[in-house]
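Content type mmCIF, C-alpha atoms (C1' of nucleotides), from the file query-v8.cif:
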```cif
data_upload
loop_
_atom_site.label_atom_id
_atom_site.label_comp_id
_atom_site.auth_asym_id
_atom_site.auth_seq_id
_atom_site.Cartn_x
_atom_site.Cartn_y
_atom_site.Cartn_z
CA MET X 1093 -2.65 5.75 -5.91
CA ILE X 1094 -2.06 3.48 -8.87
CA SER X 1095 1.29 1.72 -9.04
CA GLN X 1096 4.24 2.67 -11.20
CA LYS X 1097 3.72 -0.66 -12.91
CA ALA X 1098 0.22 0.35 -14.00
CA LYS X 1099 1.49 3.66 -15.34
CA TYR X 1100 4.11 1.80 -17.36
CA ALA X 1101 1.43 -0.55 -18.69
CA PHE X 1102 -0.71 2.36 -19.88
CA HIS X 1103 2.26 4.09 -21.48
CA ALA X 1104 3.19 0.90 -23.30
CA LEU X 1105 -0.34 0.22 -24.52
CA ILE X 1106 -0.75 3.77 -25.73
CA ALA X 1107 2.55 3.54 -27.58
CA LEU X 1108 1.46 0.27 -29.19
CA ALA X 1109 -1.92 1.66 -30.15
CA ARG X 1110 -0.30 4.75 -31.68
CA ALA X 1111 2.24 2.69 -33.60
CA ASP X 1112 -0.50 0.37 -34.84
CA ASP X 1113 2.25 -2.18 -35.43
CA THR X 1114 4.50 -4.51 -33.47
CA LEU X 1115 7.14 -2.85 -31.34
CA LEU X 1116 10.17 -4.25 -29.58
CA ALA X 1117 10.19 -4.20 -25.82
CA ARG X 1118 13.40 -2.21 -26.09
CA GLU X 1119 11.80 0.37 -28.36
CA ILE X 1120 8.94 0.91 -25.96
CA ALA X 1121 11.31 1.01 -23.01
CA ASP X 1122 13.55 3.61 -24.63
CA GLN X 1123 10.75 5.72 -25.95
CA GLU X 1124 8.77 5.74 -22.70
CA ASN X 1125 11.66 5.67 -20.25
CA ILE X 1126 10.74 2.37 -18.67
CA PRO X 1127 13.33 -0.10 -17.29
CA ARG X 1128 13.49 -2.77 -19.97
CA LYS X 1129 13.33 -5.92 -17.88
CA PHE X 1130 10.57 -4.52 -15.73
CA LEU X 1131 8.59 -3.64 -18.82
CA GLU X 1132 9.01 -7.16 -20.16
CA GLN X 1133 7.33 -8.56 -17.06
CA ILE X 1134 4.43 -6.21 -17.56
CA LEU X 1135 4.04 -6.96 -21.26
CA LEU X 1136 4.16 -10.66 -20.54
CA ASP X 1137 1.41 -10.28 -18.01
CA LEU X 1138 -0.72 -8.35 -20.49
CA LYS X 1139 -0.07 -11.09 -23.01
CA ARG X 1140 -1.17 -13.81 -20.62
CA HIS X 1141 -4.42 -11.94 -20.19
CA GLY X 1142 -5.06 -11.78 -23.91
CA ILE X 1143 -4.42 -8.10 -24.46
CA LEU X 1144 -1.15 -8.44 -26.36
CA GLN X 1145 0.39 -10.93 -28.72
CA SER X 1146 4.09 -11.44 -29.07
CA ARG X 1147 6.59 -13.07 -31.32
CA ARG X 1148 9.98 -14.29 -30.29
CA GLY X 1149 13.28 -14.27 -32.11
CA ARG X 1150 14.81 -11.98 -34.60
CA THR X 1151 11.62 -10.46 -35.95
CA GLY X 1152 9.94 -10.50 -32.58
CA GLY X 1153 8.04 -7.85 -30.71
CA TYR X 1154 4.72 -7.05 -29.13
CA ALA X 1155 1.47 -5.91 -30.69
CA LEU X 1156 -2.10 -5.38 -29.52
CA LEU X 1157 -4.26 -8.46 -29.79
CA GLU X 1158 -7.48 -6.77 -28.80
CA PRO X 1159 -8.34 -3.59 -30.70
CA ALA X 1160 -7.53 -0.41 -28.75
CA ASN X 1161 -11.21 0.49 -28.49
CA ARG X 1162 -11.88 -2.73 -26.56
CA ILE X 1163 -9.12 -2.29 -23.99
CA THR X 1164 -10.52 -0.39 -21.04
CA PHE X 1165 -8.46 1.28 -18.35
CA GLY X 1166 -10.30 -0.79 -15.78
CA LYS X 1167 -9.31 -4.06 -17.38
CA VAL X 1168 -5.64 -3.10 -17.45
CA LEU X 1169 -5.72 -1.81 -13.91
CA ARG X 1170 -7.26 -5.05 -12.64
CA ILE X 1171 -4.57 -7.09 -14.36
CA VAL X 1172 -1.66 -5.05 -13.12
CA ASP X 1173 -2.77 -3.66 -9.75
CA GLY X 1174 -5.52 -6.03 -8.74
CA PRO X 1175 -9.00 -5.03 -7.58
CA VAL X 1176 -10.27 -1.54 -8.32
CA ALA X 1177 -12.72 -1.68 -5.40
CA PRO X 1178 -11.78 0.26 -2.25
CA LEU X 1179 -12.96 -2.58 0.01
CA PRO X 1180 -12.57 -6.34 -0.39
CA CYS X 1181 -16.30 -6.77 0.20
CA LEU X 1182 -16.96 -4.60 -2.87
CA SER X 1183 -14.62 -6.34 -5.27
CA ARG X 1184 -15.98 -8.29 -8.19
CA ILE X 1185 -12.74 -10.02 -9.12
CA ALA X 1186 -11.60 -10.77 -5.56
CA TYR X 1187 -14.61 -10.63 -3.25
CA ARG X 1188 -13.89 -11.25 0.41
CA PRO X 1189 -16.17 -10.32 3.28
CA CYS X 1190 -14.78 -7.73 5.71
CA PRO X 1191 -14.03 -9.73 8.84
CA ASP X 1192 -14.62 -6.81 11.18
CA CYS X 1193 -18.00 -5.69 9.86
CA GLY X 1194 -21.34 -7.23 10.55
CA PRO X 1195 -23.94 -7.99 7.89
CA GLU X 1196 -23.06 -6.11 4.73
CA GLU X 1197 -26.39 -4.40 4.24
CA ASP X 1198 -25.92 -2.73 7.64
CA CYS X 1199 -22.37 -1.47 7.06
CA GLU X 1200 -22.26 2.32 6.73
CA ILE X 1201 -18.71 2.27 5.44
CA ARG X 1202 -19.51 -0.22 2.75
CA ARG X 1203 -22.48 1.82 1.64
CA VAL X 1204 -20.42 4.97 1.17
CA PHE X 1205 -17.56 3.25 -0.59
CA ALA X 1206 -19.95 1.36 -2.84
CA LYS X 1207 -20.79 4.74 -4.34
CA VAL X 1208 -17.12 5.60 -4.70
CA ALA X 1209 -16.47 2.30 -6.44
CA GLU X 1210 -19.40 2.76 -8.76
CA ALA X 1211 -18.25 6.24 -9.74
CA ALA X 1212 -14.71 5.07 -10.40
CA ARG X 1213 -15.84 2.06 -12.44
CA ASP X 1214 -18.09 4.28 -14.44
CA VAL X 1215 -15.01 6.04 -15.77
CA LEU X 1216 -12.53 3.17 -15.82
CA ASP X 1217 -14.75 0.60 -17.51
CA ARG X 1218 -16.03 2.99 -20.15
CA THR X 1219 -12.78 4.62 -21.17
CA THR X 1220 -10.55 2.74 -23.60
CA ILE X 1221 -7.01 3.21 -24.81
CA ALA X 1222 -8.48 4.37 -28.12
CA ASP X 1223 -10.53 7.04 -26.34
CA ALA X 1224 -7.46 8.32 -24.54
CA ILE X 1225 -5.53 8.58 -27.77
CA SER X 1226 -8.24 10.10 -29.89
CA VAL X 1227 -9.13 12.80 -27.41
CA ASP X 1228 -5.44 13.36 -27.03
CA SER X 1229 -4.61 13.86 -30.69
CA LEU X 1230 -7.67 16.04 -31.08
CA LEU X 1231 -6.45 18.17 -28.23
CA LYS X 1232 -2.96 18.42 -29.59
CA THR X 1233 -4.22 19.50 -32.96
CA VAL X 1234 -6.48 22.09 -31.44
CA SER X 1235 -3.69 23.16 -29.16
CA ARG X 1236 -1.50 23.94 -32.15
CA LEU X 1237 -4.31 25.84 -33.81
CA GLU X 1238 -4.89 27.66 -30.60
CA SER X 1239 -1.34 28.86 -30.22
CA ALA X 1240 -1.51 30.18 -33.77
CA GLU X 1241 -5.00 31.58 -33.69
CA SER X 1242 -5.63 32.29 -30.03
CA ASN X 1243 -8.84 30.50 -29.25
CA PRO X 1244 -8.30 29.31 -25.66
CA ALA X 1245 -12.03 28.87 -25.04
CA LEU X 1246 -12.28 26.00 -27.51
CA VAL X 1247 -9.32 24.28 -25.93
CA ARG X 1248 -10.87 24.53 -22.53
CA THR X 1249 -14.13 23.16 -23.84
CA LEU X 1250 -12.42 20.17 -25.38
CA GLN X 1251 -10.46 19.53 -22.22
CA GLY X 1252 -13.76 18.99 -20.50
CA ILE X 1253 -14.70 16.13 -22.80
CA MET O 510 -8.12 -0.47 -1.45
CA ILE O 511 -8.36 1.61 1.69
CA SER O 512 -6.24 0.51 4.62
CA GLN O 513 -7.40 -1.37 7.68
CA LYS O 514 -6.40 1.72 9.63
CA ALA O 515 -8.88 3.84 7.69
CA LYS O 516 -11.64 1.33 8.28
CA TYR O 517 -10.90 1.43 12.01
CA ALA O 518 -10.97 5.23 11.91
CA PHE O 519 -14.42 5.24 10.31
CA HIS O 520 -15.74 2.66 12.75
CA ALA O 521 -14.45 4.72 15.66
CA LEU O 522 -15.87 8.00 14.37
CA ILE O 523 -19.24 6.42 13.69
CA ALA O 524 -19.28 4.96 17.21
CA LEU O 525 -18.43 8.37 18.68
CA ALA O 526 -21.06 10.12 16.59
CA ARG O 527 -23.68 7.57 17.62
CA ALA O 528 -22.76 7.82 21.30
CA ASP O 529 -22.82 11.62 21.08
CA ASP O 530 -20.62 11.59 24.16
CA THR O 531 -17.03 10.86 25.16
CA LEU O 532 -15.96 7.24 24.93
CA LEU O 533 -12.90 5.48 26.23
CA ALA O 534 -10.45 4.09 23.72
CA ARG O 535 -11.01 0.74 25.35
CA GLU O 536 -14.78 0.98 24.95
CA ILE O 537 -14.43 1.72 21.26
CA ALA O 538 -11.85 -1.00 20.83
CA ASP O 539 -14.01 -3.63 22.50
CA GLN O 540 -17.21 -2.59 20.80
CA GLU O 541 -15.70 -2.42 17.31
CA ASN O 542 -13.15 -5.21 17.63
CA ILE O 543 -10.11 -3.03 17.09
CA PRO O 544 -6.69 -3.69 18.71
CA ARG O 545 -6.58 -1.14 21.53
CA LYS O 546 -3.06 0.22 21.09
CA PHE O 547 -3.47 0.48 17.36
CA LEU O 548 -6.73 2.35 17.81
CA GLU O 549 -5.04 4.79 20.18
CA GLN O 550 -2.56 5.76 17.49
CA ILE O 551 -5.40 6.40 15.09
CA LEU O 552 -7.43 8.44 17.57
CA LEU O 553 -4.36 10.47 18.44
CA ASP O 554 -3.81 11.23 14.80
CA LEU O 555 -7.42 12.32 14.38
CA LYS O 556 -7.01 14.51 17.43
CA ARG O 557 -3.91 16.19 16.05
CA HIS O 558 -5.90 17.03 12.96
CA GLY O 559 -8.65 18.68 14.96
CA ILE O 560 -11.36 16.09 14.49
CA LEU O 561 -11.38 14.73 18.02
CA GLN O 562 -10.75 16.10 21.47
CA SER O 563 -9.49 14.04 24.36
CA ARG O 564 -9.16 14.19 28.07
CA ARG O 565 -6.65 12.25 30.10
CA GLY O 566 -6.93 10.62 33.47
CA ARG O 567 -9.70 9.08 35.39
CA THR O 568 -12.57 10.79 33.60
CA GLY O 569 -10.81 10.73 30.28
CA GLY O 570 -11.86 9.62 26.83
CA TYR O 571 -12.35 10.82 23.29
CA ALA O 572 -15.16 12.87 21.77
CA LEU O 573 -15.84 14.53 18.46
CA LEU O 574 -14.55 18.09 18.26
CA GLU O 575 -16.07 18.84 14.89
CA PRO O 576 -19.78 18.06 14.50
CA ALA O 577 -20.44 14.80 12.66
CA ASN O 578 -22.01 16.62 9.75
CA ARG O 579 -18.75 18.47 9.12
CA ILE O 580 -16.50 15.41 9.08
CA THR O 581 -16.31 14.11 5.53
CA PHE O 582 -15.06 10.68 4.52
CA GLY O 583 -12.51 12.40 2.30
CA LYS O 584 -11.01 14.35 5.16
CA VAL O 585 -10.59 11.26 7.31
CA LEU O 586 -9.17 9.24 4.44
CA ARG O 587 -6.58 11.93 3.69
CA ILE O 588 -5.47 12.00 7.32
CA VAL O 589 -5.17 8.27 7.72
CA ASP O 590 -4.26 6.96 4.25
CA GLY O 591 -2.81 10.04 2.60
CA PRO O 592 -3.81 11.36 -0.82
CA VAL O 593 -7.09 10.27 -2.37
CA ALA O 594 -5.83 11.02 -5.88
CA PRO O 595 -4.79 8.05 -8.04
CA LEU O 596 -1.71 9.89 -9.34
CA PRO O 597 0.72 12.17 -7.48
CA CYS O 598 0.26 14.80 -10.19
CA LEU O 599 -3.47 14.92 -9.34
CA SER O 600 -3.14 15.26 -5.59
CA ARG O 601 -4.16 18.46 -3.87
CA ILE O 602 -2.59 17.66 -0.52
CA ALA O 603 0.63 16.14 -1.87
CA TYR O 604 1.14 17.31 -5.44
CA ARG O 605 4.22 15.96 -7.18
CA PRO O 606 4.78 15.92 -10.91
CA CYS O 607 5.01 12.47 -12.51
CA PRO O 608 8.69 12.17 -13.42
CA ASP O 609 8.06 9.90 -16.39
CA CYS O 610 5.36 11.96 -18.12
CA GLY O 611 5.87 15.01 -20.23
CA PRO O 612 3.80 18.19 -19.93
CA GLU O 613 0.70 17.48 -17.89
CA GLU O 614 -1.83 18.84 -20.34
CA ASP O 615 -0.57 16.29 -22.91
CA CYS O 616 -0.70 13.23 -20.63
CA GLU O 617 -3.49 10.85 -21.66
CA ILE O 618 -3.21 8.87 -18.45
CA ARG O 619 -3.53 11.95 -16.32
CA ARG O 620 -6.58 13.05 -18.24
CA VAL O 621 -8.41 9.78 -17.66
CA PHE O 622 -7.52 9.55 -14.00
CA ALA O 623 -8.45 13.16 -13.43
CA LYS O 624 -12.00 12.08 -14.14
CA VAL O 625 -11.69 9.13 -11.78
CA ALA O 626 -10.38 11.41 -9.06
CA GLU O 627 -13.13 13.93 -9.60
CA ALA O 628 -15.80 11.24 -9.39
CA ALA O 629 -14.34 9.79 -6.21
CA ARG O 630 -13.97 13.19 -4.55
CA ASP O 631 -17.50 14.01 -5.47
CA VAL O 632 -18.64 11.24 -3.15
CA LEU O 633 -15.95 11.38 -0.50
CA ASP O 634 -15.97 15.13 0.04
CA ARG O 635 -19.76 15.40 0.13
CA THR O 636 -20.54 12.48 2.41
CA THR O 637 -20.15 13.02 6.15
CA ILE O 638 -20.17 10.72 9.13
CA ALA O 639 -23.59 12.14 9.98
CA ASP O 640 -24.89 11.20 6.53
CA ALA O 641 -23.65 7.67 6.92
CA ILE O 642 -25.36 7.31 10.27
CA SER O 643 -28.64 8.91 9.36
CA VAL O 644 -29.16 6.90 6.20
CA ASP O 645 -28.16 3.91 8.21
CA SER O 646 -30.66 4.30 11.03
CA LEU O 647 -33.35 5.12 8.53
CA LEU O 648 -32.58 1.93 6.70
CA LYS O 649 -32.58 -0.14 9.84
CA THR O 650 -35.94 1.20 10.89
CA VAL O 651 -37.42 0.52 7.48
CA SER O 652 -35.80 -2.88 7.47
CA ARG O 653 -37.65 -3.82 10.63
CA LEU O 654 -40.92 -2.55 9.22
CA GLU O 655 -40.24 -4.47 6.06
CA SER O 656 -39.68 -7.79 7.74
CA ALA O 657 -43.00 -7.33 9.53
CA GLU O 658 -45.00 -5.87 6.70
CA SER O 659 -43.31 -7.16 3.56
CA ASN O 660 -42.54 -4.07 1.56
CA PRO O 661 -39.18 -4.92 -0.03
CA ALA O 662 -39.62 -2.30 -2.77
CA LEU O 663 -39.38 0.56 -0.29
CA VAL O 664 -36.24 -0.88 1.22
CA ARG O 665 -34.62 -1.16 -2.18
CA THR O 666 -35.58 2.40 -2.99
CA LEU O 667 -34.02 3.68 0.19
CA GLN O 668 -30.90 1.66 -0.38
CA GLY O 669 -30.41 3.65 -3.54
CA ILE O 670 -30.28 6.94 -1.64
"C1'" DC N 815 25.44 -21.68 -36.42
"C1'" DT N 816 24.63 -17.07 -34.36
"C1'" DA N 817 22.57 -12.97 -33.30
"C1'" DA N 818 18.47 -11.00 -31.75
"C1'" DT N 819 14.43 -11.26 -29.13
"C1'" DG N 820 10.84 -12.91 -26.09
"C1'" DT N 821 9.98 -16.25 -21.67
"C1'" DC N 822 10.44 -17.60 -17.15
"C1'" DT N 823 12.15 -17.78 -12.42
"C1'" DA N 824 14.56 -16.11 -8.64
"C1'" DC N 825 16.27 -12.60 -5.89
"C1'" DT N 826 16.81 -8.01 -3.45
"C1'" DG N 827 16.60 -3.53 -1.13
"C1'" DA N 828 13.25 -0.21 0.27
"C1'" DT N 829 9.01 1.01 1.94
"C1'" DC N 830 4.49 0.37 3.94
"C1'" DC N 831 1.05 -2.09 6.74
"C1'" DT N 832 -0.47 -3.79 10.99
"C1'" DA N 833 0.19 -4.05 14.84
"C1'" DT N 834 2.70 -4.65 19.89
"C1'" DA N 835 5.25 -2.87 23.91
"C1'" DG N 836 6.36 0.05 27.36
"C1'" DA N 837 7.64 4.16 29.65
"C1'" DG N 838 5.75 8.72 30.60
"C1'" DT N 839 2.14 12.27 31.80
"C1'" DA N 840 -2.28 14.11 33.23
"C1'" DT N 841 -6.43 13.72 36.09
"C1'" DT N 842 -9.23 12.80 39.89
"C1'" DA N 843 -11.61 9.76 43.48
"C1'" DG N 844 -10.92 8.91 47.94
"C1'" DC Q 1368 -1.19 12.82 49.03
"C1'" DT Q 1369 -1.73 8.50 46.64
"C1'" DA Q 1370 -3.49 5.04 43.72
"C1'" DA Q 1371 -5.84 4.11 39.85
"C1'" DT Q 1372 -7.13 5.24 35.39
"C1'" DA Q 1373 -6.54 6.83 30.77
"C1'" DC Q 1374 -4.36 9.35 27.24
"C1'" DT Q 1375 0.64 10.37 24.98
"C1'" DC Q 1376 4.69 9.37 22.75
"C1'" DT Q 1377 8.42 6.58 20.83
"C1'" DA Q 1378 10.46 2.39 19.44
"C1'" DT Q 1379 10.36 -1.94 17.36
"C1'" DA Q 1380 9.16 -5.89 14.41
"C1'" DG Q 1381 7.25 -9.43 11.21
"C1'" DG Q 1382 5.09 -9.74 6.83
"C1'" DA Q 1383 3.64 -8.02 2.46
"C1'" DT Q 1384 4.09 -5.28 -1.48
"C1'" DC Q 1385 6.68 -2.37 -4.68
"C1'" DA Q 1386 10.03 -1.54 -8.05
"C1'" DG Q 1387 13.15 -3.21 -10.05
"C1'" DT Q 1388 17.65 -6.47 -11.42
"C1'" DA Q 1389 19.78 -10.61 -13.13
"C1'" DG Q 1390 20.41 -14.49 -15.68
"C1'" DA Q 1391 19.42 -18.83 -17.80
"C1'" DC Q 1392 16.47 -20.59 -21.45
"C1'" DA Q 1393 13.56 -20.85 -25.84
"C1'" DT Q 1394 12.52 -19.29 -30.46
"C1'" DT Q 1395 13.19 -17.22 -34.89
"C1'" DA Q 1396 15.54 -15.22 -39.22
"C1'" DG Q 1397 19.28 -15.21 -42.00
#
```
This entry written out as structure tokens:
Amino acid sequence: MISQKAKYAFHALIALARADDTLLAREIADQENIPRKFLEQILLDLKRHGILQSRRGRTGGYALLEPANRITFGKVLRIVDGPVAPLPCLSRIAYRPCPDCGPEEDCEIRRVFAKVAEAARDVLDRTTIADAISVDSLLKTVSRLESAESNPALVRTLQGI
Amino acid sequence: MISQKAKYAFHALIALARADDTLLAREIADQENIPRKFLEQILLDLKRHGILQSRRGRTGGYALLEPANRITFGKVLRIVDGPVAPLPCLSRIAYRPCPDCGPEEDCEIRRVFAKVAEAARDVLDRTTIADAISVDSLLKTVSRLESAESNPALVRTLQGI
DNA sequence: CTAATGTCTACTGATCCTATAGAGTATTAG
DNA sequence: CTAATACTCTATAGGATCAGTAGACATTAG
């Protein structure tokens, strides 16, 4: 399970990418139903990692620093929740050998979870905030068409993208 | 990250599958370096879920109830660590709607993590304890041959299985 | 100056993780 | 029958993490 914090981070980044402009922490918090002070911590963390820029004072706010099509879900998840890998001995950002296993090439558990990690990274490191939004608006558009014109097959096809 | 408890569970199940016989909790604990009383809780839990059988008293011990090729990593992980899904609204064993998201078909986050979940389940629900062992012993055999006969390419090929 | 906004640090209650402890029950060798 | 052995069940506890909350401080526009 990903943390609540990570979900908030994704909601905030998606809101910022949609707005394509700077937003106040309060605006994001209200719009996405996120506790304001908690959100500020998250935004600050994303800023420290170069994903956001911010401006203080009266005309302050947060905006994307990297373009939305360069911000992957994996990158955000690693910042907010830590390693994506299911085992410490499979982590790239926080490698640690498993103390209770022998040599790694002999570990059956590691071998299985290496495949899990690879599969997860394949999605997380290739999908960006921009992808999530674009597929989303496409779907919403089609969804409206669908309700008017009754073409559920197309919707289902697109949902498989 | 999977819990220490889950790692212990896998180690214990692999030991039992290898032994192909009943083992004492103490034997497993010693052999796999697992705190005995902690291991007993885990084994008991696996028993309650129909994976192990046990016998008390002087000739007691634990043994697999299901055959090793029917015990998937996913099943064990769900027993010990709970849901495999990265979001409550994607769990099959513990579905709960995300309180902060709107309608599920519109949620960009859910859509991305649905793919992550599917990829992870694809590995976890198809790989059994028997698979882990058989690939493992195959590898070990080849590894010995390799060190004697210098055929690292074959080893690498098999490691990709 | 002052009002609005981001920055930083500290704190807290709840829950989970990783065990540890011990009393109780079943089984059987002798 | 008894002692020894091994699983069964419940309780407890220290530490870490999670999900916020709070408040003092810094920066900016007007």
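Here C1' of DA1396 (chain Q) and CA of Asp1122 (chain X) stand 23.9 Å from one another.
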Please build the interface table for chain O against chain Q with a cut-off of 7 Å, listing for each qualifying residue the nearest atom pair and the distance in Å to one decimal; count all atoms listed in the file, order rows by chain and increasing number, and write it as JSON lines.
```
{"residue": "O:Arg564", "atom": "CA", "partner": "Q:DC1374", "partner_atom": "C1'", "distance": 6.9}
{"residue": "O:Arg565", "atom": "CA", "partner": "Q:DC1374", "partner_atom": "C1'", "distance": 4.7}
{"residue": "O:Gly566", "atom": "CA", "partner": "Q:DA1373", "partner_atom": "C1'", "distance": 4.7}
{"residue": "O:Arg567", "atom": "CA", "partner": "Q:DT1372", "partner_atom": "C1'", "distance": 4.6}
{"residue": "O:Gly569", "atom": "CA", "partner": "Q:DA1373", "partner_atom": "C1'", "distance": 5.8}
```
Run the PyMOL selection byres ((chain N) within 12 of (chain O)) on the file and write out the hits as a compact mmCIF listing (two decimals) with C-alpha atoms (C1' of nucleotides), keeping the file's coordinate frame.
```txt
# COMPACT_ATOMS: atom_id res chain seq x y z
C1' DC N 830 4.49 0.37 3.94
C1' DC N 831 1.05 -2.09 6.74
C1' DT N 832 -0.47 -3.79 10.99
C1' DA N 833 0.19 -4.05 14.84
C1' DT N 834 2.70 -4.65 19.89
C1' DA N 835 5.25 -2.87 23.91
C1' DG N 836 6.36 0.05 27.36
C1' DT N 839 2.14 12.27 31.80
C1' DA N 840 -2.28 14.11 33.23
C1' DT N 841 -6.43 13.72 36.09
C1' DT N 842 -9.23 12.80 39.89
C1' DA N 843 -11.61 9.76 43.48
```
Do you know which residues the PyMOL selection byres ((chain O) within 8 of (chain X)) returns on this file, as a PyMOL selection string? chain O and resi 510-511+516+519-520+541-542+592-597+609+615-618+620-621+624-626+628-629+632-633+636+641-642+645+649
How would you write, as a VMD selection string, the residues chosen by the PyMOL selection byres ((chain O and resi 580) around 9) on this structure? chain O and resid 560 575 to 579 581 to 585 636 to 639
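One distance worth recording is that between CA of Ala534 (chain O) and CA of Arg1188 (chain X), which is 28.1 Å.
A straight line drawn from C1' of DT816 (chain N) to CA of Gly1153 (chain X) is 19.3 Å long.
Those residues that approach region 1114-1116 of chain X to within 7 Å, counting only C-alpha atoms (C1' of nucleotides), are Leu1108, Arg1118, Glu1119, Ile1120, Gly1152, Gly1153, Tyr1154 and Ala1155 of chain X; same-chain residues fewer than 2 positions away are not listed.
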Specify the axis-aligned box that encloses all atoms of region 513-531 of chain O listed in the file after padding of 4 Å on each side, stating its centre and edge lengths in Å to one decimal as JSON.
```
{"center_x": -15.0, "center_y": 5.1, "center_z": 16.4, "size_x": 25.3, "size_y": 21.0, "size_z": 25.5}
```
